[in-house]
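Structure file model.tsv (TSV, C-alpha atoms) is printed below.
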```tsv
chain	number	residue	atom	x	y	z
A	1	MET	CA	10.38	-159.91	-7.05
A	2	ARG	CA	11.00	-156.56	-8.62
A	3	ARG	CA	7.39	-156.30	-9.58
A	4	ALA	CA	6.24	-157.19	-6.08
A	5	GLY	CA	8.60	-154.59	-4.55
A	6	ALA	CA	7.38	-151.95	-6.96
A	7	ARG	CA	3.80	-152.74	-6.06
A	8	ALA	CA	4.67	-152.47	-2.37
A	9	MET	CA	6.23	-149.06	-2.92
A	10	MET	CA	3.12	-147.87	-4.76
A	11	CYS	CA	0.93	-149.07	-1.91
A	12	VAL	CA	3.04	-147.18	0.61
A	13	ALA	CA	2.83	-144.05	-1.48
A	14	PHE	CA	-0.92	-144.47	-1.77
A	15	LEU	CA	-1.29	-144.91	1.97
A	16	LEU	CA	0.85	-141.87	2.65
A	17	ILE	CA	-1.30	-139.81	0.37
A	18	CYS	CA	-4.50	-141.12	1.92
A	19	GLY	CA	-3.17	-140.44	5.40
A	20	CYS	CA	-2.87	-136.67	4.76
A	21	SER	CA	-5.51	-134.27	6.14
A	22	PRO	CA	-8.46	-133.91	3.78
A	23	VAL	CA	-8.54	-130.69	1.69
A	24	THR	CA	-11.88	-128.77	2.04
A	25	ALA	CA	-12.69	-126.05	-0.52
A	26	GLU	CA	-13.76	-122.72	1.11
A	27	ALA	CA	-17.35	-121.66	0.47
A	28	PRO	CA	-17.52	-118.69	-1.90
A	29	VAL	CA	-17.93	-115.29	-0.14
A	30	SER	CA	-21.11	-113.55	-1.34
A	31	ALA	CA	-21.13	-109.79	-1.75
A	32	PRO	CA	-23.60	-107.67	0.31
A	33	VAL	CA	-26.90	-106.76	-1.31
A	34	VAL	CA	-28.09	-103.12	-1.45
A	35	HIS	CA	-31.84	-102.47	-1.43
A	36	ILE	CA	-33.18	-99.05	-2.51
A	37	SER	CA	-36.78	-97.86	-2.22
A	38	PRO	CA	-38.06	-96.43	-4.44
A	39	ALA	CA	-36.10	-98.58	-6.87
A	40	LEU	CA	-33.41	-97.13	-9.08
A	41	ASP	CA	-34.70	-96.07	-12.51
A	42	SER	CA	-38.14	-95.30	-11.06
A	43	LYS	CA	-39.90	-92.74	-13.25
A	44	ARG	CA	-42.86	-91.81	-11.05
A	45	ALA	CA	-41.79	-92.47	-7.46
A	46	ARG	CA	-44.05	-91.18	-4.68
A	47	PRO	CA	-42.26	-88.24	-3.06
A	48	ASP	CA	-44.11	-88.52	0.27
A	49	ARG	CA	-42.45	-91.83	1.14
A	50	GLY	CA	-38.93	-90.45	1.14
A	51	LEU	CA	-35.89	-92.57	0.31
A	52	LEU	CA	-34.82	-95.76	2.09
A	53	ILE	CA	-31.53	-97.57	1.49
A	54	SER	CA	-30.60	-100.78	3.30
A	55	ALA	CA	-27.92	-103.47	3.14
A	56	SER	CA	-28.14	-107.21	3.80
A	57	GLY	CA	-25.04	-109.28	4.32
A	58	GLY	CA	-23.01	-106.20	5.20
A	59	THR	CA	-23.13	-102.59	6.35
A	60	LEU	CA	-23.47	-99.32	4.49
A	61	SER	CA	-20.08	-97.66	4.31
A	62	ASN	CA	-21.04	-94.75	2.08
A	63	VAL	CA	-24.34	-93.18	0.97
A	64	GLN	CA	-24.52	-90.13	-1.27
A	65	VAL	CA	-27.82	-88.74	-2.53
A	66	TYR	CA	-28.11	-85.52	-4.54
A	67	GLU	CA	-30.94	-83.49	-6.03
A	68	GLY	CA	-30.16	-80.56	-8.28
A	69	GLY	CA	-26.51	-80.69	-7.21
A	70	GLU	CA	-27.43	-80.37	-3.52
A	71	PRO	CA	-26.89	-83.18	-0.99
A	72	VAL	CA	-30.05	-84.74	0.41
A	73	PRO	CA	-29.95	-84.96	4.23
A	74	GLY	CA	-30.38	-88.39	5.75
A	75	ARG	CA	-28.99	-90.59	8.48
A	76	LEU	CA	-27.80	-94.12	9.18
A	77	ASP	CA	-29.27	-96.21	11.96
A	78	GLY	CA	-27.11	-97.58	14.77
A	79	SER	CA	-26.39	-100.84	12.95
A	80	ARG	CA	-25.32	-98.99	9.80
A	81	THR	CA	-27.60	-101.18	7.72
A	82	THR	CA	-30.34	-98.64	6.98
A	83	TRP	CA	-30.21	-95.06	5.70
A	84	ARG	CA	-33.32	-92.88	5.53
A	85	SER	CA	-33.82	-89.43	4.08
A	86	ASP	CA	-34.69	-86.92	6.78
A	87	TRP	CA	-37.59	-85.50	4.81
A	88	THR	CA	-39.90	-86.25	1.92
A	89	LEU	CA	-38.70	-85.88	-1.67
A	90	LYS	CA	-39.48	-83.07	-4.07
A	91	PRO	CA	-42.14	-83.70	-6.71
A	92	ALA	CA	-40.98	-83.81	-10.34
A	93	ALA	CA	-37.32	-84.07	-9.32
A	94	GLU	CA	-34.36	-86.28	-10.23
A	95	TYR	CA	-32.27	-87.87	-7.50
A	96	THR	CA	-28.87	-89.48	-8.02
A	97	VAL	CA	-27.96	-92.24	-5.59
A	98	THR	CA	-24.64	-93.90	-4.78
A	99	ALA	CA	-24.68	-96.50	-2.02
A	100	THR	CA	-21.76	-98.71	-1.00
A	101	ALA	CA	-22.14	-101.79	1.22
A	102	ALA	CA	-19.16	-103.68	2.63
A	103	GLY	CA	-19.23	-107.23	4.02
A	104	PRO	CA	-17.08	-108.68	6.81
A	105	ARG	CA	-14.72	-109.95	4.12
A	106	GLY	CA	-14.69	-110.13	0.38
A	107	PRO	CA	-15.94	-107.68	-2.21
A	108	ALA	CA	-18.10	-104.60	-1.61
A	109	THR	CA	-21.26	-103.74	-3.52
A	110	VAL	CA	-21.82	-100.34	-5.10
A	111	ALA	CA	-25.29	-99.35	-6.31
A	112	VAL	CA	-25.51	-96.29	-8.56
A	113	GLY	CA	-28.54	-94.89	-10.33
A	114	ARG	CA	-31.26	-92.27	-10.64
A	115	ILE	CA	-34.79	-91.90	-9.31
A	116	HIS	CA	-37.45	-89.60	-10.73
A	117	THR	CA	-40.41	-88.51	-8.59
A	118	ARG	CA	-43.86	-87.91	-9.98
A	119	PRO	CA	-45.13	-84.35	-10.46
A	120	ALA	CA	-47.79	-82.90	-8.17
A	121	GLU	CA	-51.08	-81.97	-9.78
A	122	ARG	CA	-52.39	-80.14	-6.70
A	123	THR	CA	-50.07	-78.29	-4.33
A	124	PHE	CA	-50.08	-76.29	-1.11
A	125	GLY	CA	-47.56	-73.91	0.36
A	126	ILE	CA	-46.85	-70.92	2.59
A	127	VAL	CA	-48.28	-67.49	1.85
A	128	ALA	CA	-46.87	-65.49	4.78
A	129	THR	CA	-44.42	-65.78	7.66
A	130	THR	CA	-43.79	-63.73	10.78
A	131	PRO	CA	-41.13	-62.53	11.43
A	132	LEU	CA	-40.08	-61.42	7.97
A	133	PRO	CA	-36.91	-62.96	6.57
A	134	GLY	CA	-33.92	-61.13	8.00
A	135	GLU	CA	-35.96	-59.22	10.57
A	136	ILE	CA	-34.42	-58.20	13.91
A	137	VAL	CA	-36.90	-58.89	16.71
A	138	GLY	CA	-37.46	-58.86	20.45
A	139	THR	CA	-37.15	-61.78	22.85
A	140	GLY	CA	-40.88	-62.56	22.98
A	141	MET	CA	-41.27	-62.95	19.21
A	142	PRO	CA	-43.54	-65.76	18.00
A	143	ILE	CA	-43.16	-67.54	14.67
A	144	ILE	CA	-46.36	-67.44	12.61
A	145	ILE	CA	-46.87	-69.42	9.40
A	146	ASP	CA	-49.90	-69.00	7.14
A	147	PHE	CA	-50.77	-71.61	4.49
A	148	ASP	CA	-52.64	-71.14	1.23
A	149	THR	CA	-54.72	-74.30	1.73
A	150	PRO	CA	-56.52	-75.71	4.80
A	151	VAL	CA	-54.20	-78.25	6.41
A	152	THR	CA	-56.07	-81.52	6.90
A	153	ASP	CA	-53.11	-83.46	8.31
A	154	LYS	CA	-51.74	-81.07	10.90
A	155	ALA	CA	-49.47	-83.63	12.53
A	156	ALA	CA	-47.66	-84.36	9.26
A	157	VAL	CA	-47.15	-80.67	8.55
A	158	GLU	CA	-46.03	-79.97	12.11
A	159	ARG	CA	-43.39	-82.71	11.87
A	160	ALA	CA	-42.05	-81.00	8.76
A	161	LEU	CA	-41.51	-77.65	10.54
A	162	GLU	CA	-37.99	-77.26	11.88
A	163	VAL	CA	-36.77	-74.46	14.17
A	164	LYS	CA	-33.04	-74.16	14.80
A	165	SER	CA	-31.67	-71.58	17.23
A	166	GLU	CA	-28.08	-70.90	18.21
A	167	GLN	CA	-29.03	-71.26	21.88
A	168	PRO	CA	-30.98	-74.35	23.01
A	169	VAL	CA	-34.68	-73.65	23.40
A	170	GLU	CA	-37.89	-75.51	24.17
A	171	GLY	CA	-40.82	-74.52	22.03
A	172	ALA	CA	-44.02	-75.85	20.50
A	173	TRP	CA	-46.40	-75.15	17.64
A	174	ARG	CA	-50.06	-74.35	18.24
A	175	TRP	CA	-52.72	-74.36	15.52
A	176	THR	CA	-55.05	-71.35	15.64
A	177	SER	CA	-56.95	-72.32	12.47
A	178	ASP	CA	-56.71	-74.76	9.57
A	179	THR	CA	-54.41	-72.34	7.78
A	180	GLN	CA	-52.28	-70.88	10.59
A	181	VAL	CA	-49.82	-72.35	13.07
A	182	ILE	CA	-47.79	-70.42	15.67
A	183	TYR	CA	-44.55	-71.37	17.42
A	184	ARG	CA	-43.87	-70.06	20.90
A	185	THR	CA	-40.93	-70.80	23.14
A	186	ARG	CA	-41.53	-71.94	26.71
A	187	ARG	CA	-39.54	-68.95	27.95
A	188	PHE	CA	-38.41	-65.86	26.10
A	189	TRP	CA	-35.67	-66.30	23.53
A	190	ASP	CA	-32.12	-65.74	24.72
A	191	PRO	CA	-30.98	-62.41	23.22
A	192	ARG	CA	-28.42	-61.96	20.45
A	193	GLN	CA	-28.86	-65.10	18.42
A	194	ARG	CA	-29.95	-66.23	14.98
A	195	VAL	CA	-32.98	-68.47	14.45
A	196	THR	CA	-33.64	-70.43	11.25
A	197	VAL	CA	-37.04	-71.84	10.33
A	198	THR	CA	-37.41	-74.46	7.61
A	199	ALA	CA	-40.70	-75.88	6.39
A	200	HIS	CA	-39.83	-79.20	4.73
A	201	LEU	CA	-43.04	-79.27	2.72
A	202	ALA	CA	-41.76	-80.49	-0.66
A	203	GLY	CA	-43.34	-83.87	-1.31
A	204	LEU	CA	-45.44	-83.86	1.87
A	205	ARG	CA	-48.80	-85.39	1.02
A	206	LEU	CA	-52.12	-84.26	2.44
A	207	PRO	CA	-55.36	-86.23	2.03
A	208	GLY	CA	-56.81	-85.82	-1.44
A	209	GLY	CA	-53.45	-86.04	-3.20
A	210	VAL	CA	-52.35	-82.50	-2.37
A	211	TYR	CA	-48.56	-82.21	-2.17
A	212	GLY	CA	-46.23	-79.60	-0.80
A	213	ALA	CA	-44.51	-78.06	-3.81
A	214	THR	CA	-41.32	-76.62	-2.29
A	215	ASP	CA	-39.41	-76.27	0.94
A	216	SER	CA	-39.27	-72.83	2.54
A	217	THR	CA	-36.53	-71.40	4.76
A	218	PHE	CA	-36.19	-68.03	6.48
A	219	ALA	CA	-34.07	-66.69	9.32
A	220	PHE	CA	-34.34	-63.85	11.80
A	221	THR	CA	-32.22	-62.41	14.59
A	222	VAL	CA	-33.21	-61.99	18.23
A	223	ALA	CA	-31.61	-58.71	19.33
A	224	ARG	CA	-30.99	-57.16	22.73
A	225	GLU	CA	-33.40	-57.92	25.55
A	226	GLN	CA	-35.87	-55.06	26.03
A	227	ALA	CA	-38.93	-55.44	28.24
A	228	SER	CA	-41.38	-52.90	29.65
A	229	VAL	CA	-43.53	-53.02	32.77
A	230	ILE	CA	-46.53	-50.68	33.15
A	231	ASP	CA	-48.45	-50.19	36.38
A	232	THR	CA	-51.76	-48.47	35.65
A	233	ARG	CA	-52.31	-47.78	39.37
A	234	THR	CA	-49.09	-45.81	39.86
A	235	HIS	CA	-49.23	-44.51	36.27
A	236	GLN	CA	-45.60	-45.47	35.65
A	237	MET	CA	-43.79	-47.34	32.88
A	238	VAL	CA	-40.26	-48.75	33.26
A	239	VAL	CA	-38.31	-49.93	30.23
A	240	GLU	CA	-35.40	-52.26	30.90
A	241	ARG	CA	-32.69	-53.22	28.47
A	242	ASP	CA	-30.52	-56.24	29.18
A	243	GLY	CA	-31.79	-56.22	32.75
A	244	ALA	CA	-31.01	-52.58	33.56
A	245	PRO	CA	-33.45	-49.63	33.57
A	246	ALA	CA	-33.21	-47.69	30.32
A	247	GLN	CA	-36.16	-45.30	30.66
A	248	ARG	CA	-38.79	-44.34	33.24
A	249	MET	CA	-41.95	-42.82	31.85
A	250	ALA	CA	-45.00	-41.24	33.46
A	251	ILE	CA	-48.08	-42.56	31.62
A	252	SER	CA	-51.84	-42.37	31.49
A	253	ALA	CA	-53.85	-45.54	30.79
A	254	GLY	CA	-57.50	-46.26	29.96
A	255	VAL	CA	-60.13	-44.32	31.86
A	256	ALA	CA	-62.00	-47.63	32.45
A	257	THR	CA	-65.51	-46.21	32.25
A	258	THR	CA	-66.36	-49.02	29.78
A	259	PRO	CA	-64.64	-52.32	28.92
A	260	GLU	CA	-63.35	-50.91	25.64
A	261	TYR	CA	-61.82	-47.95	27.46
A	262	THR	CA	-60.10	-50.25	29.95
A	263	THR	CA	-56.47	-51.14	29.25
A	264	THR	CA	-55.92	-54.89	29.24
A	265	SER	CA	-53.62	-56.41	31.87
A	266	GLY	CA	-51.19	-59.13	30.90
A	267	VAL	CA	-48.11	-59.85	28.80
A	268	HIS	CA	-48.38	-58.00	25.49
A	269	LEU	CA	-45.89	-57.96	22.64
A	270	THR	CA	-45.10	-55.01	20.42
A	271	MET	CA	-46.60	-55.89	17.05
A	272	ASP	CA	-45.86	-52.97	14.74
A	273	LYS	CA	-45.50	-49.19	14.80
A	274	ASP	CA	-46.25	-46.14	12.72
A	275	SER	CA	-46.25	-42.38	13.01
A	276	PRO	CA	-48.82	-41.03	12.71
A	277	VAL	CA	-51.65	-43.53	13.19
A	278	ARG	CA	-55.27	-42.56	12.65
A	279	MET	CA	-57.38	-43.62	15.63
A	280	VAL	CA	-61.17	-43.64	15.35
A	281	SER	CA	-63.60	-44.52	18.13
A	282	PRO	CA	-65.09	-47.99	17.50
A	283	GLY	CA	-68.85	-48.23	17.02
A	284	ARG	CA	-69.48	-44.48	17.26
A	285	ARG	CA	-70.43	-41.98	14.62
A	286	LYS	CA	-69.41	-38.39	14.38
A	287	GLY	CA	-71.48	-36.30	16.74
A	288	GLU	CA	-72.20	-39.16	19.13
A	289	PRO	CA	-70.88	-39.04	22.71
A	290	GLY	CA	-67.39	-40.48	22.96
A	291	PHE	CA	-66.64	-40.12	19.25
A	292	TYR	CA	-63.05	-39.30	18.28
A	293	ASP	CA	-61.00	-39.27	15.09
A	294	LEU	CA	-57.35	-38.40	15.80
A	295	MET	CA	-53.92	-38.63	14.20
A	296	ILE	CA	-51.51	-39.94	16.85
A	297	ASP	CA	-47.71	-39.76	16.66
A	298	HIS	CA	-45.18	-42.43	17.58
A	299	ALA	CA	-47.70	-45.23	18.08
A	300	VAL	CA	-46.48	-48.75	18.94
A	301	ARG	CA	-49.26	-51.34	18.73
A	302	ILE	CA	-49.51	-53.97	21.50
A	303	SER	CA	-52.86	-55.71	20.77
A	304	ASN	CA	-55.59	-56.10	18.18
A	305	SER	CA	-58.14	-54.27	20.32
A	306	GLY	CA	-56.79	-50.82	19.57
A	307	GLU	CA	-54.12	-50.59	22.27
A	308	TYR	CA	-50.93	-48.66	21.61
A	309	VAL	CA	-48.14	-47.02	23.52
A	310	HIS	CA	-48.09	-43.58	21.93
A	311	ALA	CA	-47.35	-39.88	22.30
A	312	LYS	CA	-49.90	-37.54	23.84
A	313	ASN	CA	-49.40	-34.01	25.03
A	314	ASN	CA	-51.56	-34.38	28.14
A	315	VAL	CA	-48.71	-34.09	30.59
A	316	TRP	CA	-51.15	-32.97	33.26
A	317	ALA	CA	-52.59	-36.52	33.46
A	318	GLN	CA	-49.46	-38.60	32.94
A	319	GLY	CA	-48.19	-39.98	36.21
A	320	ARG	CA	-51.40	-38.89	37.97
A	321	GLU	CA	-54.60	-40.09	36.32
A	322	ASN	CA	-55.91	-42.57	33.73
A	323	VAL	CA	-57.84	-40.67	31.09
A	324	SER	CA	-57.21	-42.45	27.76
A	325	HIS	CA	-59.54	-44.55	25.58
A	326	GLY	CA	-57.53	-47.66	26.50
A	327	CYS	CA	-54.08	-46.86	25.15
A	328	ILE	CA	-50.95	-46.03	27.12
A	329	ASN	CA	-49.89	-42.49	26.40
A	330	ALA	CA	-46.64	-40.81	27.41
A	331	ARG	CA	-44.84	-37.50	27.04
A	332	PRO	CA	-44.08	-36.89	23.34
A	333	ASP	CA	-40.30	-37.00	23.67
A	334	GLN	CA	-40.35	-40.20	25.73
A	335	ALA	CA	-42.91	-41.80	23.42
A	336	ALA	CA	-40.62	-40.94	20.50
A	337	TRP	CA	-37.75	-42.66	22.31
A	338	PHE	CA	-39.84	-45.77	22.93
A	339	TYR	CA	-40.95	-45.76	19.31
A	340	ALA	CA	-37.36	-45.54	18.07
A	341	THR	CA	-36.05	-48.30	20.35
A	342	SER	CA	-38.90	-50.82	20.00
A	343	LEU	CA	-38.67	-53.98	17.93
A	344	ARG	CA	-41.50	-56.33	17.09
A	345	GLY	CA	-41.72	-58.96	19.79
A	346	ASP	CA	-40.60	-56.83	22.74
A	347	PRO	CA	-42.61	-57.81	25.86
A	348	VAL	CA	-44.82	-55.16	27.47
A	349	THR	CA	-46.41	-56.32	30.74
A	350	ILE	CA	-49.34	-54.29	32.07
A	351	THR	CA	-50.84	-54.62	35.54
A	352	GLY	CA	-53.53	-52.94	37.60
A	353	THR	CA	-56.77	-53.30	35.61
A	354	ASP	CA	-59.67	-55.74	35.83
A	355	ARG	CA	-59.66	-56.52	32.10
A	356	GLU	CA	-57.36	-59.43	31.20
A	357	LEU	CA	-55.65	-59.61	27.84
A	358	VAL	CA	-57.10	-62.58	25.94
A	359	TRP	CA	-54.36	-64.88	24.62
A	360	ASN	CA	-55.46	-64.53	20.98
A	361	ASN	CA	-55.89	-60.75	21.13
A	362	GLY	CA	-52.97	-59.75	18.95
A	363	TRP	CA	-49.87	-61.62	20.11
A	364	GLY	CA	-51.05	-62.27	23.65
A	365	PHE	CA	-49.71	-65.82	23.40
A	366	TRP	CA	-47.76	-65.52	26.65
A	367	GLN	CA	-51.07	-65.29	28.47
A	368	LEU	CA	-51.44	-69.06	28.07
A	369	PRO	CA	-49.49	-71.21	30.54
A	370	TRP	CA	-47.10	-73.57	28.79
A	371	GLU	CA	-49.24	-76.60	29.65
A	372	LYS	CA	-52.19	-74.96	27.90
A	373	TRP	CA	-50.14	-73.76	24.95
A	374	ILE	CA	-48.87	-77.22	23.99
A	375	GLN	CA	-52.38	-78.62	23.96
A	376	GLY	CA	-52.82	-76.81	20.65
A	377	SER	CA	-50.08	-78.92	19.06
A	378	ALA	CA	-51.14	-81.78	16.79
A	379	LEU	CA	-48.21	-83.72	18.24
A	380	HIS	CA	-49.04	-83.11	21.88
A	381	ALA	CA	-48.09	-85.96	24.21
A	382	THR	CA	-46.85	-86.26	27.78
A	383	ASP	CA	-44.39	-88.58	29.42
A	384	ASP	CA	-44.94	-90.38	32.74
A	385	ALA	CA	-43.79	-87.32	34.64
A	386	GLY	CA	-46.27	-85.09	32.83
A	387	GLY	CA	-43.68	-83.33	30.70
A	388	TRP	CA	-44.22	-82.49	27.05
A	389	VAL	CA	-42.62	-84.85	24.53
A	390	PRO	CA	-41.89	-83.31	21.09
A	391	GLN	CA	-42.82	-85.87	18.44
A	392	ARG	CA	-39.85	-85.58	16.06
```

Reformat the file's structure so that it appears as structure tokens.
Amino acid sequence: MRRAGARAMMCVAFLLICGCSPVTAEAPVSAPVVHISPALDSKRARPDRGLLISASGGTLSNVQVYEGGEPVPGRLDGSRTTWRSDWTLKPAAEYTVTATAAGPRGPATVAVGRIHTRPAERTFGIVATTPLPGEIVGTGMPIIIDFDTPVTDKAAVERALEVKSEQPVEGAWRWTSDTQVIYRTRRFWDPRQRVTVTAHLAGLRLPGGVYGATDSTFAFTVAREQASVIDTRTHQMVVERDGAPAQRMAISAGVATTPEYTTTSGVHLTMDKDSPVRMVSPGRRKGEPGFYDLMIDHAVRISNSGEYVHAKNNVWAQGRENVSHGCINARPDQAAWFYATSLRGDPVTITGTDRELVWNNGWGFWQLPWEKWIQGSALHATDDAGGWVPQR
């Protein structure tokens, strides 16, 4: 009987155990996976493809990329699963990468390593910029970049050109040749601000395996607002500064007996200045009618067709008659004032003649309507409303 009772007790215990809820082992939590392209430890990565870091099974909580001790700019997408470098990578450079991915629960993944980019056998770069670095300019100033190699992929280069101004601005690049591109704002720059231009060319690849060797950055300052209006019919010039008249000048413009002696009408920009400037009649030899060879003081150039605002001691004509070879001349003391106060990029608008300033005569870029200007961009596109869409 004891044995039977003991067996009964064991059966009860067994049933009690079997009647408990079943125990299910939790599935192991896998750590997120970090993917890096080009792969860590690459020795000859292509610089033109940039750097891409992504996470699967989690999100990127921290990405740090450095080259030469400097952080590499990049950005996360909205899902925080992909990070891309903003620009291409430098040739023959070493990049250090630290990327951390965190899952919804469980351990994080940290990827750390180095990437080496391949050197560039053939390179291209910038040979000249306008304005000069640190220059103080007028409100109409264009940005002009000249390259040392014909640019065969203009869209790629244009995407790599970045203009940052302290005041919001709409602007566009226009290619004038295979080696020159010009940036113009839709309206004049707001005065008293700093503008920074960066050409992110390092690692940019052109057809034929030509790479940008280095990035290039320069900055300039837009100063006070000074603009001049010249009426060749009334023979008057008014200079305004910050919207208020600063100087009124009696002038004499081109005599207009020939096209070359006719002052061009339109929006000019002051381009440079010197005192004195030697002025020689184009296409004429000494002794021929109309020949001249003169040294002119306080000359401010406003086109590439020989037009200046300059000093001339022919007070008898100024304010009364147009007698010049195409330039705008003024009383010597007033011309000296204009010379001293002018900055490159100051607008000078001339009216009253039948010869229009051609848009590519000097810096006559404001002669093109905005809709025409942007057609010279390699990234030109329009939205449904007909507005320009920058492709950045």

Between atom CA of A:Val195 and atom CA of A:Lys164 lies a distance of 5.7 Å

Write out as a PyMOL selection string each polymer residue whose atoms come within 10 Å of A:Gly208, counting only C-alpha atoms; drop sequence neighbours fewer than 3 positions from it. chain A and resi 122+152+205+211

Could those residues be written to a file, using C-alpha atoms, as a tab-separated table (two decimals), in the frame of the given file?
```
chain	number	residue	atom	x	y	z
A	122	ARG	CA	-52.39	-80.14	-6.70
A	152	THR	CA	-56.07	-81.52	6.90
A	205	ARG	CA	-48.80	-85.39	1.02
A	211	TYR	CA	-48.56	-82.21	-2.17
```

Notebook entry, point to check: Between A:Met141, A:Leu161, A:Trp175, A:His268, which has the minimum distance to A:His380 (counting only C-alpha atoms)?
Noted result: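 Nearest to A:His380: A:Trp175.
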
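From atom CA of A:Thr117 back to atom CA of A:Thr59, the distance works out to 26.8 Å.
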
Just want the 8 Å neighbourhood of A:Val65, counted on only C-alpha atoms, with same-chain residues fewer than 3 positions away dropped. Output as a PDB file with C-alpha atoms, in the frame of the given file.
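Okay, this is what ended up in part.pdb:
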```
ATOM      1  CA  PRO A  71     -26.890 -83.180  -0.990  1.00  0.00           C
ATOM      2  CA  VAL A  72     -30.050 -84.740   0.410  1.00  0.00           C
ATOM      3  CA  TYR A  95     -32.270 -87.870  -7.500  1.00  0.00           C
ATOM      4  CA  THR A  96     -28.870 -89.480  -8.020  1.00  0.00           C
ATOM      5  CA  VAL A  97     -27.960 -92.240  -5.590  1.00  0.00           C
ATOM      6  CA  THR A  98     -24.640 -93.900  -4.780  1.00  0.00           C
TER       7      THR A  98
END
```
